[in-house]
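Text of the file input.cif, holding mmCIF, C-alpha atoms and all ligand atoms:
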data_run
loop_
_atom_site.label_atom_id
_atom_site.label_comp_id
_atom_site.auth_asym_id
_atom_site.auth_seq_id
_atom_site.Cartn_x
_atom_site.Cartn_y
_atom_site.Cartn_z
CA THR A 4 41.53 -114.66 -38.55
CA ASP A 5 38.54 -112.46 -37.76
CA ARG A 6 39.76 -109.39 -35.92
CA THR A 7 36.32 -107.96 -35.22
CA PRO A 8 35.89 -107.37 -31.48
CA LYS A 9 32.79 -108.79 -29.86
CA TYR A 10 32.10 -105.51 -28.05
CA LYS A 11 32.04 -101.97 -29.41
CA ARG A 12 31.91 -100.25 -26.04
CA ILE A 13 33.19 -101.58 -22.74
CA LEU A 14 33.55 -100.42 -19.16
CA LEU A 15 36.82 -101.58 -17.63
CA LYS A 16 37.06 -101.67 -13.84
CA LEU A 17 40.60 -101.72 -12.45
CA SER A 18 41.14 -102.19 -8.75
CA GLY A 19 43.48 -99.71 -7.11
CA GLU A 20 45.60 -102.63 -5.99
CA ALA A 21 46.29 -103.53 -9.61
CA LEU A 22 48.37 -100.34 -9.86
CA MET A 23 50.65 -101.29 -6.95
CA GLY A 24 52.48 -104.02 -8.82
CA GLY A 25 54.82 -105.62 -6.33
CA ASP A 26 54.80 -102.58 -4.06
CA ALA A 27 53.00 -102.43 -0.72
CA TYR A 28 51.31 -99.10 -1.40
CA GLY A 29 50.70 -96.52 -4.08
CA ILE A 30 51.32 -96.46 -7.80
CA ASN A 31 54.05 -98.44 -9.56
CA ARG A 32 55.00 -96.65 -12.78
CA GLN A 33 56.11 -99.75 -14.60
CA THR A 34 52.97 -101.68 -13.66
CA ILE A 35 50.68 -98.85 -14.75
CA GLY A 36 52.62 -98.65 -18.04
CA GLU A 37 52.07 -102.35 -18.65
CA ILE A 38 48.35 -102.05 -17.94
CA VAL A 39 48.16 -99.12 -20.37
CA GLN A 40 49.72 -101.29 -23.10
CA GLU A 41 47.02 -103.92 -22.52
CA ILE A 42 44.38 -101.21 -22.85
CA LYS A 43 46.05 -99.71 -25.92
CA ALA A 44 45.91 -103.05 -27.73
CA VAL A 45 42.13 -103.02 -27.31
CA ALA A 46 41.74 -99.33 -28.17
CA ASP A 47 43.67 -100.00 -31.39
CA LEU A 48 40.94 -102.47 -32.37
CA GLY A 49 38.49 -99.55 -32.33
CA VAL A 50 36.79 -100.54 -29.08
CA GLN A 51 35.37 -97.61 -27.10
CA ILE A 52 36.64 -97.76 -23.54
CA GLY A 53 35.40 -96.26 -20.30
CA VAL A 54 37.56 -96.92 -17.25
CA VAL A 55 36.77 -96.86 -13.54
CA ILE A 56 39.75 -97.14 -11.17
CA GLY A 57 39.56 -98.04 -7.50
CA GLY A 58 41.52 -96.44 -4.71
CA GLY A 59 42.44 -99.33 -2.47
CA ASN A 60 46.17 -98.92 -3.15
CA ILE A 61 46.00 -95.54 -1.40
CA PHE A 62 42.95 -95.39 0.86
CA ARG A 63 39.82 -97.38 1.57
CA GLY A 64 36.94 -96.14 3.69
CA VAL A 65 36.57 -99.51 5.42
CA ALA A 66 40.30 -100.28 5.78
CA PRO A 67 42.07 -100.45 9.17
CA ALA A 68 43.69 -97.07 8.50
CA ALA A 69 40.23 -95.53 8.52
CA THR A 70 39.06 -97.32 11.67
CA GLY A 71 37.65 -94.87 14.14
CA MET A 72 37.06 -92.28 11.45
CA ASP A 73 33.64 -91.12 10.49
CA ARG A 74 32.73 -93.50 7.65
CA ALA A 75 31.51 -90.88 5.21
CA GLN A 76 34.62 -88.77 5.80
CA ALA A 77 36.85 -91.80 5.19
CA ASP A 78 34.89 -92.62 2.04
CA TYR A 79 35.50 -89.13 0.65
CA MET A 80 39.21 -89.75 1.18
CA GLY A 81 38.82 -93.02 -0.71
CA MET A 82 37.13 -91.21 -3.58
CA LEU A 83 39.97 -88.69 -3.69
CA ALA A 84 42.39 -91.62 -3.87
CA THR A 85 40.62 -92.76 -7.05
CA VAL A 86 41.15 -89.28 -8.48
CA MET A 87 44.90 -89.59 -7.90
CA ASN A 88 44.94 -93.00 -9.56
CA SER A 89 42.93 -91.64 -12.47
CA LEU A 90 45.39 -88.79 -12.99
CA ALA A 91 48.32 -91.22 -12.88
CA MET A 92 46.57 -93.43 -15.43
CA GLN A 93 45.79 -90.47 -17.69
CA ASP A 94 49.46 -89.48 -17.63
CA ALA A 95 50.59 -93.03 -18.41
CA MET A 96 48.15 -92.98 -21.34
CA ARG A 97 49.58 -89.69 -22.53
CA VAL A 98 53.06 -91.24 -22.54
CA ALA A 99 51.68 -94.16 -24.58
CA GLY A 100 50.14 -91.73 -27.09
CA ILE A 101 46.54 -92.41 -26.08
CA ASN A 102 44.01 -89.60 -26.06
CA CYS A 103 42.30 -89.77 -22.70
CA ARG A 104 39.94 -87.67 -20.62
CA VAL A 105 39.21 -87.82 -16.91
CA GLN A 106 35.79 -86.93 -15.56
CA SER A 107 35.17 -86.74 -11.84
CA ALA A 108 32.00 -87.45 -9.87
CA LEU A 109 33.21 -84.89 -7.32
CA SER A 110 33.87 -81.38 -8.62
CA ILE A 111 37.56 -80.48 -8.47
CA GLU A 112 37.42 -78.37 -11.56
CA GLN A 113 40.97 -77.05 -11.52
CA VAL A 114 42.17 -80.62 -11.78
CA VAL A 115 39.58 -82.63 -13.74
CA GLU A 116 36.42 -81.89 -15.60
CA PRO A 117 33.15 -82.90 -13.97
CA TYR A 118 31.28 -86.02 -15.00
CA ILE A 119 28.83 -85.13 -17.74
CA ARG A 120 27.25 -88.16 -19.33
CA GLY A 121 26.64 -86.68 -22.77
CA LYS A 122 30.17 -85.38 -23.00
CA ALA A 123 31.60 -88.71 -21.92
CA ILE A 124 29.64 -90.49 -24.65
CA ARG A 125 30.80 -87.93 -27.20
CA TYR A 126 34.45 -88.52 -26.19
CA LEU A 127 33.98 -92.25 -26.59
CA GLU A 128 32.50 -91.74 -30.05
CA GLN A 129 35.56 -89.65 -30.89
CA GLY A 130 37.79 -92.55 -29.93
CA ARG A 131 39.00 -91.09 -26.65
CA ILE A 132 39.29 -93.17 -23.54
CA VAL A 133 37.30 -91.77 -20.62
CA ILE A 134 38.38 -92.40 -17.04
CA PHE A 135 35.59 -91.94 -14.52
CA ALA A 136 37.14 -90.72 -11.27
CA ALA A 137 35.78 -90.34 -7.71
CA GLY A 138 33.58 -93.43 -7.89
CA THR A 139 29.88 -92.61 -7.72
CA GLY A 140 30.61 -89.40 -5.80
CA ASN A 141 28.76 -90.81 -2.80
CA PRO A 142 30.02 -92.38 0.42
CA PHE A 143 28.93 -95.93 1.33
CA PHE A 144 29.47 -97.09 -2.25
CA THR A 145 32.42 -98.69 -4.01
CA THR A 146 34.10 -98.29 -7.34
CA ASP A 147 32.56 -101.62 -8.38
CA THR A 148 29.21 -99.88 -8.10
CA ALA A 149 30.61 -96.89 -9.98
CA ALA A 150 31.68 -99.29 -12.76
CA ALA A 151 28.21 -100.82 -12.97
CA LEU A 152 26.59 -97.37 -12.88
CA ARG A 153 28.82 -95.73 -15.49
CA GLY A 154 28.70 -98.89 -17.59
CA ALA A 155 24.91 -98.73 -17.66
CA GLU A 156 24.92 -94.96 -18.26
CA ILE A 157 27.25 -95.03 -21.26
CA GLY A 158 25.53 -98.05 -22.75
CA ALA A 159 28.52 -100.34 -22.40
CA GLU A 160 27.83 -103.87 -23.58
CA ILE A 161 29.81 -105.41 -20.73
CA VAL A 162 31.66 -104.60 -17.53
CA LEU A 163 35.16 -106.06 -17.47
CA LYS A 164 36.36 -106.52 -13.95
CA ALA A 165 40.14 -106.76 -13.89
CA THR A 166 41.44 -108.38 -10.72
CA LYS A 167 44.46 -110.26 -9.47
CA VAL A 168 42.57 -113.58 -9.69
CA ASP A 169 41.79 -114.84 -13.19
CA GLY A 170 38.07 -115.40 -12.73
CA ILE A 171 35.41 -116.72 -10.38
CA TYR A 172 36.13 -119.95 -8.55
CA THR A 173 33.97 -122.46 -6.67
CA ALA A 174 35.99 -121.53 -3.56
CA ASP A 175 38.97 -119.31 -2.73
CA PRO A 176 41.79 -120.82 -4.85
CA LYS A 177 44.36 -119.62 -2.30
CA LYS A 178 42.71 -121.62 0.47
CA ASP A 179 41.19 -124.57 -1.39
CA ALA A 180 43.42 -126.54 -3.79
CA GLY A 181 40.33 -128.23 -5.25
CA ALA A 182 38.71 -124.93 -6.29
CA THR A 183 37.80 -124.76 -9.98
CA ARG A 184 37.13 -121.76 -12.17
CA PHE A 185 33.82 -121.15 -13.93
CA ASP A 186 34.12 -120.36 -17.64
CA ARG A 187 30.69 -118.81 -17.45
CA ILE A 188 27.98 -118.58 -14.83
CA SER A 189 24.53 -116.95 -14.75
CA PHE A 190 23.69 -114.14 -12.34
CA ASP A 191 21.15 -116.40 -10.64
CA GLU A 192 23.59 -119.25 -10.15
CA ALA A 193 26.26 -116.89 -8.80
CA ILE A 194 23.71 -115.67 -6.26
CA SER A 195 22.48 -119.13 -5.27
CA ARG A 196 26.07 -120.29 -4.80
CA GLY A 197 26.85 -117.19 -2.74
CA LEU A 198 29.77 -116.19 -4.97
CA GLY A 199 31.12 -112.68 -4.39
CA VAL A 200 31.66 -111.42 -7.94
CA MET A 201 31.32 -107.73 -7.16
CA ASP A 202 29.81 -106.09 -4.14
CA ALA A 203 26.08 -106.69 -3.80
CA THR A 204 24.98 -103.23 -4.99
CA ALA A 205 27.12 -103.41 -8.13
CA PHE A 206 26.03 -106.97 -8.83
CA ALA A 207 22.33 -106.14 -8.45
CA LEU A 208 22.64 -103.14 -10.75
CA CYS A 209 24.33 -105.20 -13.48
CA ARG A 210 21.71 -107.91 -13.14
CA ASP A 211 18.81 -105.44 -13.32
CA GLN A 212 20.30 -103.74 -16.37
CA LYS A 213 21.23 -107.04 -18.02
CA LEU A 214 24.82 -105.89 -18.15
CA PRO A 215 27.13 -108.92 -18.27
CA ILE A 216 30.37 -108.98 -16.28
CA ASN A 217 33.63 -110.66 -17.28
CA VAL A 218 36.10 -111.20 -14.46
CA PHE A 219 39.70 -111.71 -15.61
CA SER A 220 43.31 -111.09 -14.56
CA ILE A 221 44.92 -107.86 -15.75
CA PHE A 222 48.33 -109.44 -15.13
CA LYS A 223 47.83 -112.13 -17.76
CA ALA A 224 49.28 -110.77 -21.00
CA GLY A 225 46.66 -110.40 -23.72
CA ALA A 226 43.77 -111.41 -21.44
CA LEU A 227 41.91 -108.11 -21.85
CA GLN A 228 42.12 -108.42 -25.61
CA ARG A 229 40.91 -112.03 -25.54
CA VAL A 230 37.89 -111.00 -23.50
CA VAL A 231 37.09 -108.23 -25.96
CA MET A 232 37.44 -110.64 -28.89
CA GLY A 233 34.81 -112.83 -27.23
CA GLU A 234 37.22 -115.61 -26.39
CA ASN A 235 36.82 -117.65 -23.26
CA GLU A 236 38.97 -115.81 -20.71
CA GLY A 237 38.32 -115.62 -16.99
CA THR A 238 34.65 -115.95 -16.06
CA LEU A 239 31.66 -114.49 -17.90
CA VAL A 240 28.62 -113.69 -15.75
CA TYR A 241 25.61 -113.64 -18.06
CA CYS A 242 21.88 -112.94 -17.74
N1 LIG B 1 34.35 -94.85 -2.45
C1 LIG B 1 33.14 -94.28 -2.09
N2 LIG B 1 32.14 -94.18 -3.02
C2 LIG B 1 32.27 -94.63 -4.29
C3 LIG B 1 33.49 -95.25 -4.66
C4 LIG B 1 34.51 -95.34 -3.72
O1 LIG B 1 32.97 -93.87 -0.95
O2 LIG B 1 31.33 -94.49 -5.08
C5 LIG B 1 35.47 -94.89 -1.48
C6 LIG B 1 35.38 -96.02 -0.48
O3 LIG B 1 35.89 -95.56 0.76
C7 LIG B 1 36.31 -97.06 -1.06
C8 LIG B 1 37.40 -96.20 -1.65
O4 LIG B 1 36.70 -95.07 -2.16
O5 LIG B 1 36.81 -97.94 -0.06
C9 LIG B 1 38.20 -96.84 -2.74
O6 LIG B 1 37.38 -97.52 -3.65
P1 LIG B 1 37.35 -99.12 -3.74
O7 LIG B 1 37.46 -99.72 -2.38
O8 LIG B 1 36.17 -99.52 -4.56
O9 LIG B 1 38.69 -99.41 -4.54
P2 LIG B 1 39.33 -100.80 -5.05
O10 LIG B 1 38.99 -101.86 -4.05
O11 LIG B 1 38.72 -101.13 -6.38
O12 LIG B 1 40.79 -100.51 -5.16
#

Write the structure described by the file as structure tokens, please.
Amino acid sequence: TDRTPKYKRILLKLSGEALMGGDAYGINRQTIGEIVQEIKAVADLGVQIGVVIGGGNIFRGVAPAATGMDRAQADYMGMLATVMNSLAMQDAMRVAGINCRVQSALSIEQVVEPYIRGKAIRYLEQGRIVIFAAGTGNPFFTTDTAAALRGAEIGAEIVLKATKVDGIYTADPKKDAGATRFDRISFDEAISRGLGVMDATAFALCRDQKLPINVFSIFKAGALQRVVMGENEGTLVYC
């Protein structure tokens, strides 16, 4: 069989919640280790990988815990949560023998190096995985937007959005038993059907930059690799 990946460089977006596993909060070591193995399988194919991790397993600016807080202040806490997740992921990669760098959109230089685009691209070319921490570095944005932004900046061929649900459905599959999954859908059709693929800012950026998105489940063994091999997995949003 042909083992040539379809993509040479990808941007993988992991939600913070993906790191919780079965827990109610925080980082589950076993779960993060399993996710790292999925990533390693793709790295071993020679694919260059940038990663953006959310923070929702620890803190979200719009979550009930932040209600009553100044929104920007809460968002900075959310960004710091993504830094913690990124450090946990880097350590799990170290354990798995993967060479990985973390770059942060907020400067915390004793802990992580700052985001420098040229350096990030150089790391990728050297076969290192780069985790982009602290989202975009700005409040009122999300890590989905950070994924679209960094994906465009590093010249990724696609944004892979790893979620708990294995793609985009006609309706919420938890509420509607008749909901069906799209194998592929255009940006325009996703908009006209009002489907929430990513938040609106992230979605618009991907569409403008002609950066396709593949939504898939990180908890399905081998799914990440199938996406990278160009197989039909989850839902592909194309231009
Ligand atoms: N955040 C932000 N700007 C960014 C990215 C993230 O302010 O560019 C904050 C925001 O409060 C958000 C939190 O960080 O709720 C965690 O990110 P997100 O909700 O995207 O995480 P996920 O849902 O993917 O776990």

Counting all atoms listed in the file, which protein, DNA or RNA residues come within 9 Å of ligand LIG 1 (chain B), given as number ranges by chain?
-> A: 16-22, 55-66, 69, 74-85, 108, 136-149, 166

With all atoms listed in the file as the basis for distance, which of A:Ala165, A:Ala68, A:Met232, A:Leu14 is at the shortest distance from Leu214 of chain A?
->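 Smallest separation from Leu214 of chain A among the options: A:Leu14.
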
Point-to-point distance from atom CA of Asn102 of chain A to atom CA of Arg131 of chain A, Å rounded to tenths =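 Distance between the two atoms: 5.3 Å.
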
Residues within 6 Å of (30.3, -103.6, -15.2), file coords, all atoms listed in the file, listed as a PDB file with C-alpha atoms, in the coordinates of the input:
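What follows is the written file part05.pdb:
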ATOM      1  CA  ALA A 150      31.680 -99.290 -12.760  1.00  0.00           C
ATOM      2  CA  ALA A 151      28.210-100.820 -12.970  1.00  0.00           C
ATOM      3  CA  GLY A 154      28.700 -98.890 -17.590  1.00  0.00           C
ATOM      4  CA  ILE A 161      29.810-105.410 -20.730  1.00  0.00           C
ATOM      5  CA  VAL A 162      31.660-104.600 -17.530  1.00  0.00           C
ATOM      6  CA  LEU A 163      35.160-106.060 -17.470  1.00  0.00           C
ATOM      7  CA  ILE A 216      30.370-108.980 -16.280  1.00  0.00           C
TER       8      ILE A 216
END

For segment 36-49 of chain A, take all atoms listed in the file, fit an axis-aligned box around them, add 8 Å to each of the six sides, then output centre and edge lengths in Å rounded to one decimal, as JSON.
{"center_x": 45.6, "center_y": -101.3, "center_z": -25.2, "size_x": 30.1, "size_y": 21.3, "size_z": 30.4}

Selected residue, from A:Ala226, A:Ile221, A:Leu127, A:Val240, that lies nearest to Gly199 of chain A when counting only C-alpha atoms = A:Val240

So how far away is atom CA of Val50 of chain A from atom CA of Arg229 of chain A, in Å?
->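 Straight-line distance from atom CA of Arg229 of chain A to atom CA of Val50 of chain A works out to 12.7 Å.
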
Work out how far atom CA of Gln33 of chain A is from atom CA of Ala123 of chain A, in Å to one decimal.
-> 27.9 Å

Out of A:Asp175, A:Asp211, A:Glu160, A:Glu112, which residue has the shortest atom-to-atom distance to Leu15 of chain A when counting only C-alpha atoms?
-> A:Glu160

Find the residue from A:Val98, A:Val54, A:Cys209, A:Ala203 that sits nearest to Ala155 of chain A; use all atoms listed in the file when measuring.
->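 Among A:Val98, A:Val54, A:Cys209, A:Ala203, it is A:Cys209 that comes nearest to Ala155 of chain A.
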
Of the residues A:Arg120, A:Phe185, A:Ile30, A:Phe135, which is the one nearest to Glu156 of chain A, using only C-alpha atoms?
-> A:Arg120

Answer as a PyMOL selection string, residues within 10 Å of (51.3, -94.3, -23.2) using only C-alpha atoms = chain A and resi 35-40+42-43+92-102

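Residue nearest Phe206 of chain A within the list A:Ile194, A:Ile188, A:Val115, A:Ile132: A:Ile194 [criterion: smallest interatomic distance, only C-alpha atoms].
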
Test item: residues at most 8 Å from segment 235-239 of chain A, all atoms listed in the file, excluding those fewer than 4 positions along its chain, as a PyMOL selection string = chain A and resi 169-171+184-188+215-220+226+229-230

Supply segment 145-181 of chain A as a short mmCIF file (atom, residue, chain, number, x, y, z; two decimals), in the frame of the given file, with N, CA and C atoms built in where the input has gaps.
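Result went into out19.cif, see below:
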data_model
loop_
_atom_site.label_atom_id
_atom_site.label_comp_id
_atom_site.auth_asym_id
_atom_site.auth_seq_id
_atom_site.Cartn_x
_atom_site.Cartn_y
_atom_site.Cartn_z
N THR A 145 31.07 -98.26 -3.61
CA THR A 145 32.42 -98.69 -4.01
C THR A 145 32.62 -98.35 -5.48
N THR A 146 33.84 -98.54 -5.92
CA THR A 146 34.10 -98.29 -7.34
C THR A 146 33.55 -99.42 -8.21
N ASP A 147 33.28 -100.58 -7.61
CA ASP A 147 32.56 -101.62 -8.38
C ASP A 147 31.18 -101.09 -8.77
N THR A 148 30.53 -100.45 -7.82
CA THR A 148 29.21 -99.88 -8.10
C THR A 148 29.33 -98.75 -9.11
N ALA A 149 30.38 -97.95 -9.00
CA ALA A 149 30.61 -96.89 -9.98
C ALA A 149 30.77 -97.50 -11.38
N ALA A 150 31.46 -98.63 -11.47
CA ALA A 150 31.68 -99.29 -12.76
C ALA A 150 30.34 -99.76 -13.35
N ALA A 151 29.52 -100.35 -12.50
CA ALA A 151 28.21 -100.82 -12.97
C ALA A 151 27.35 -99.63 -13.41
N LEU A 152 27.39 -98.57 -12.60
CA LEU A 152 26.59 -97.37 -12.88
C LEU A 152 27.04 -96.69 -14.17
N ARG A 153 28.32 -96.40 -14.28
CA ARG A 153 28.82 -95.73 -15.49
C ARG A 153 28.68 -96.65 -16.71
N GLY A 154 28.89 -97.93 -16.49
CA GLY A 154 28.70 -98.89 -17.59
C GLY A 154 27.29 -98.82 -18.14
N ALA A 155 26.32 -98.81 -17.24
CA ALA A 155 24.91 -98.73 -17.66
C ALA A 155 24.64 -97.37 -18.32
N GLU A 156 25.18 -96.31 -17.75
CA GLU A 156 24.92 -94.96 -18.26
C GLU A 156 25.47 -94.74 -19.67
N ILE A 157 26.66 -95.26 -19.94
CA ILE A 157 27.25 -95.03 -21.26
C ILE A 157 26.82 -96.09 -22.27
N GLY A 158 25.99 -97.01 -21.83
CA GLY A 158 25.53 -98.05 -22.75
C GLY A 158 26.61 -99.04 -23.11
N ALA A 159 27.50 -99.32 -22.16
CA ALA A 159 28.52 -100.34 -22.40
C ALA A 159 27.83 -101.70 -22.56
N GLU A 160 28.43 -102.54 -23.39
CA GLU A 160 27.83 -103.87 -23.58
C GLU A 160 28.24 -104.85 -22.48
N ILE A 161 29.31 -104.51 -21.77
CA ILE A 161 29.81 -105.41 -20.73
C ILE A 161 30.69 -104.63 -19.75
N VAL A 162 30.71 -105.11 -18.52
CA VAL A 162 31.66 -104.60 -17.53
C VAL A 162 32.78 -105.62 -17.41
N LEU A 163 34.01 -105.16 -17.61
CA LEU A 163 35.16 -106.06 -17.47
C LEU A 163 35.84 -105.76 -16.16
N LYS A 164 35.77 -106.73 -15.27
CA LYS A 164 36.36 -106.52 -13.95
C LYS A 164 37.74 -107.16 -13.89
N ALA A 165 38.76 -106.29 -13.92
CA ALA A 165 40.14 -106.76 -13.89
C ALA A 165 40.60 -106.92 -12.44
N THR A 166 41.01 -108.12 -12.10
CA THR A 166 41.44 -108.38 -10.72
C THR A 166 42.77 -109.10 -10.74
N LYS A 167 43.22 -109.50 -9.56
CA LYS A 167 44.46 -110.26 -9.47
C LYS A 167 44.19 -111.75 -9.77
N VAL A 168 42.96 -112.18 -9.46
CA VAL A 168 42.57 -113.58 -9.69
C VAL A 168 41.95 -113.67 -11.08
N ASP A 169 42.21 -114.75 -11.79
CA ASP A 169 41.79 -114.84 -13.19
C ASP A 169 40.38 -115.39 -13.38
N GLY A 170 39.45 -115.00 -12.53
CA GLY A 170 38.07 -115.40 -12.73
C GLY A 170 37.38 -115.72 -11.43
N ILE A 171 36.21 -116.36 -11.55
CA ILE A 171 35.41 -116.72 -10.38
C ILE A 171 35.56 -118.22 -10.13
N TYR A 172 35.88 -118.56 -8.91
CA TYR A 172 36.13 -119.95 -8.55
C TYR A 172 35.03 -120.48 -7.62
N THR A 173 34.93 -121.81 -7.56
CA THR A 173 33.97 -122.46 -6.67
C THR A 173 34.27 -122.13 -5.21
N ALA A 174 35.56 -121.91 -4.91
CA ALA A 174 35.99 -121.53 -3.56
C ALA A 174 37.25 -120.68 -3.73
N ASP A 175 37.76 -120.13 -2.64
CA ASP A 175 38.97 -119.31 -2.73
C ASP A 175 40.15 -120.18 -3.15
N PRO A 176 40.71 -119.95 -4.36
CA PRO A 176 41.79 -120.82 -4.85
C PRO A 176 43.05 -120.77 -3.98
N LYS A 177 43.18 -119.71 -3.19
CA LYS A 177 44.36 -119.62 -2.30
C LYS A 177 44.20 -120.53 -1.09
N LYS A 178 42.95 -120.81 -0.72
CA LYS A 178 42.71 -121.62 0.47
C LYS A 178 42.33 -123.05 0.13
N ASP A 179 41.72 -123.25 -1.03
CA ASP A 179 41.19 -124.57 -1.39
C ASP A 179 41.83 -125.04 -2.71
N ALA A 180 42.69 -126.05 -2.61
CA ALA A 180 43.42 -126.54 -3.79
C ALA A 180 42.46 -127.16 -4.81
N GLY A 181 41.29 -127.60 -4.35
CA GLY A 181 40.33 -128.23 -5.25
C GLY A 181 39.40 -127.24 -5.94
#
